[in-house]
Amino acid sequence: MEILNKKERLSAFGLFLLLFFISTGIFIYAIFFNYKLPLKENEVLKAENERMKVQMNYQKKFSTEFENIGKLIDSLQKNPERFTYIESTISNKLGELTKEIPQDTTGSKFYERAILNVQDLVSAKKLTLKDNDSQSTITQLTNEKKELEKELKDLYLKIQLQAAGGN
């Protein structure tokens with residue numbers, strides 16, 4: 001005796017096996033990603049955490065160095081005779097800070113602009129100091145001019161008196 005619906009049973013069994021393997025494959029695939037994906041994510045997060053630590057350490061160093069540079073800038077006006085030395089010290093510190101800027105950070109442009117602003121400030125202080133020197137020279141020369149004009153008037157009056165007394 002032979003089974004009448006043998007073909008239909010075989011096709012149904014084949015469909016069952018296909019769907020069984022597909023659903024089992026999806027289940028195993030989900031377990032695999034549940035296990036492997038967090039490991040990759042942890043690696044990415046650890047790398048990002050390290051970058052953030054490097055950036056925070058640089059920010060602390062940058063802030064400290066910037067405070068020291070600010071003190072040097074303040075001393076530019078207090079010690080105009082040491083201006084060149086202080087200016088070179090500031091330039092050296094700014095050069096070191098520029099070399100140490102981490103290139104992979106988003107704030108690298110900020111650091112570069114801050115350093116350029118400080119360089120502009122030092123240049124402006126230098127011009128101000130030169131203007132102050134020029135202003136004091138102008139004041140001194142104006143005072144000398146007034147004294148010489150006064151002497152010239154006195155000499156002119158003496159000459160007129162001598163000329164009038166001699167006539």
# chains A, B, ... in the order shown; residues from 1 in each chain; ligands from 1
$ residues_around --residues "Lys93 in chain A" --least-positions-apart "5" --cutoff "9 Å" --atoms "only C-alpha atoms" --output "NGL selection string"
:A and (65 or 69 or 88 or 98)
$ residues_around --residues "range 129-140 of chain A" --least-positions-apart "2" --cutoff "12 Å" --atoms "only C-alpha atoms" --output "JSON, numbers by chain"
{"A": [76, 77, 78, 79, 80, 81, 82, 83, 84, 122, 123, 124, 125, 126, 127, 142, 143, 144, 145, 146, 147]}
$ select_by_dssp --residues "range 92-132 of chain A" --states "alpha helix (DSSP H)" --output "PyMOL selection string"
chain A and resi 92-99+108-132
$ write_last_selection --atoms "N, CA, C and O atoms" --output "short mmCIF file (atom, residue, chain, number, x, y, z; two decimals), in the first residue's frame"
data_model
loop_
_atom_site.label_atom_id
_atom_site.label_comp_id
_atom_site.auth_asym_id
_atom_site.auth_seq_id
_atom_site.Cartn_x
_atom_site.Cartn_y
_atom_site.Cartn_z
N ASN A 92 57.75 81.73 22.34
CA ASN A 92 58.20 80.34 22.53
C ASN A 92 57.09 79.47 23.13
O ASN A 92 56.85 78.35 22.68
N LYS A 93 56.42 80.01 24.15
CA LYS A 93 55.33 79.24 24.78
C LYS A 93 54.18 79.01 23.81
O LYS A 93 53.60 77.93 23.77
N LEU A 94 53.87 80.02 23.02
CA LEU A 94 52.80 79.85 22.02
C LEU A 94 53.20 78.84 20.96
O LEU A 94 52.37 78.06 20.49
N GLY A 95 54.47 78.84 20.58
CA GLY A 95 54.96 77.85 19.62
C GLY A 95 54.84 76.43 20.15
O GLY A 95 54.43 75.51 19.44
N GLU A 96 55.17 76.25 21.43
CA GLU A 96 55.05 74.93 22.05
C GLU A 96 53.58 74.50 22.08
O GLU A 96 53.27 73.34 21.81
N LEU A 97 52.70 75.43 22.44
CA LEU A 97 51.28 75.09 22.49
C LEU A 97 50.76 74.74 21.10
O LEU A 97 49.95 73.82 20.95
N THR A 98 51.24 75.44 20.09
CA THR A 98 50.79 75.17 18.72
C THR A 98 51.22 73.77 18.28
O THR A 98 50.44 73.05 17.64
N LYS A 99 52.44 73.38 18.62
CA LYS A 99 52.93 72.06 18.24
C LYS A 99 52.15 70.94 18.93
O LYS A 99 52.01 69.86 18.37
N SER A 108 40.52 72.04 17.64
CA SER A 108 41.85 72.45 17.21
C SER A 108 41.82 73.85 16.59
O SER A 108 42.75 74.63 16.77
N LYS A 109 40.77 74.17 15.86
CA LYS A 109 40.64 75.52 15.28
C LYS A 109 40.50 76.56 16.38
O LYS A 109 41.03 77.66 16.27
N PHE A 110 39.81 76.20 17.45
CA PHE A 110 39.65 77.12 18.59
C PHE A 110 41.02 77.44 19.19
O PHE A 110 41.32 78.60 19.46
N TYR A 111 41.82 76.41 19.40
CA TYR A 111 43.14 76.62 19.99
C TYR A 111 44.01 77.48 19.08
O TYR A 111 44.69 78.39 19.54
N GLU A 112 43.96 77.20 17.79
CA GLU A 112 44.76 77.97 16.84
C GLU A 112 44.33 79.43 16.83
O GLU A 112 45.16 80.34 16.82
N ARG A 113 43.03 79.67 16.85
CA ARG A 113 42.54 81.06 16.85
C ARG A 113 42.90 81.77 18.15
O ARG A 113 43.23 82.97 18.14
N ALA A 114 42.83 81.07 19.27
CA ALA A 114 43.19 81.67 20.55
C ALA A 114 44.67 82.07 20.54
O ALA A 114 45.03 83.17 21.01
N ILE A 115 45.51 81.21 20.00
CA ILE A 115 46.94 81.52 19.93
C ILE A 115 47.18 82.72 19.01
O ILE A 115 47.97 83.62 19.34
N LEU A 116 46.48 82.77 17.88
CA LEU A 116 46.62 83.92 16.97
C LEU A 116 46.15 85.21 17.65
O LEU A 116 46.76 86.27 17.46
N ASN A 117 45.09 85.13 18.44
CA ASN A 117 44.60 86.32 19.14
C ASN A 117 45.63 86.82 20.15
O ASN A 117 45.81 88.03 20.32
N VAL A 118 46.29 85.90 20.83
CA VAL A 118 47.32 86.31 21.79
C VAL A 118 48.49 86.97 21.05
O VAL A 118 49.02 87.99 21.51
N GLN A 119 48.86 86.41 19.91
CA GLN A 119 49.94 87.02 19.13
C GLN A 119 49.55 88.43 18.67
O GLN A 119 50.37 89.35 18.72
N ASP A 120 48.30 88.60 18.27
CA ASP A 120 47.82 89.92 17.88
C ASP A 120 47.83 90.88 19.08
O ASP A 120 48.17 92.06 18.93
N LEU A 121 47.48 90.37 20.26
CA LEU A 121 47.48 91.20 21.46
C LEU A 121 48.89 91.66 21.79
O LEU A 121 49.10 92.84 22.13
N VAL A 122 49.86 90.77 21.68
CA VAL A 122 51.25 91.14 21.95
C VAL A 122 51.71 92.20 20.95
O VAL A 122 52.37 93.18 21.32
N SER A 123 51.34 92.03 19.68
CA SER A 123 51.70 93.03 18.67
C SER A 123 51.06 94.38 18.99
O SER A 123 51.70 95.43 18.84
N ALA A 124 49.82 94.34 19.42
CA ALA A 124 49.13 95.60 19.77
C ALA A 124 49.80 96.26 20.98
O ALA A 124 49.95 97.49 21.01
N LYS A 125 50.21 95.45 21.96
CA LYS A 125 50.91 96.01 23.13
C LYS A 125 52.22 96.65 22.70
O LYS A 125 52.61 97.70 23.20
N LYS A 126 52.90 96.01 21.74
CA LYS A 126 54.16 96.55 21.24
C LYS A 126 53.93 97.91 20.57
O LYS A 126 54.67 98.85 20.81
N LEU A 127 52.88 97.99 19.75
CA LEU A 127 52.56 99.27 19.10
C LEU A 127 52.18 100.33 20.12
O LEU A 127 52.55 101.50 19.98
N THR A 128 51.42 99.92 21.13
CA THR A 128 51.02 100.86 22.18
C THR A 128 52.24 101.39 22.91
O THR A 128 52.33 102.59 23.20
N LEU A 129 53.17 100.49 23.21
CA LEU A 129 54.39 100.92 23.89
C LEU A 129 55.19 101.88 23.03
O LEU A 129 55.69 102.90 23.51
N LYS A 130 55.28 101.59 21.72
CA LYS A 130 55.98 102.49 20.81
C LYS A 130 55.26 103.83 20.73
O LYS A 130 55.90 104.88 20.68
N ASP A 131 53.92 103.79 20.70
CA ASP A 131 53.16 105.04 20.66
C ASP A 131 53.38 105.85 21.93
O ASP A 131 53.47 107.08 21.87
N ASN A 132 53.43 105.17 23.07
CA ASN A 132 53.68 105.88 24.33
C ASN A 132 55.07 106.51 24.32
O ASN A 132 55.24 107.65 24.78
#
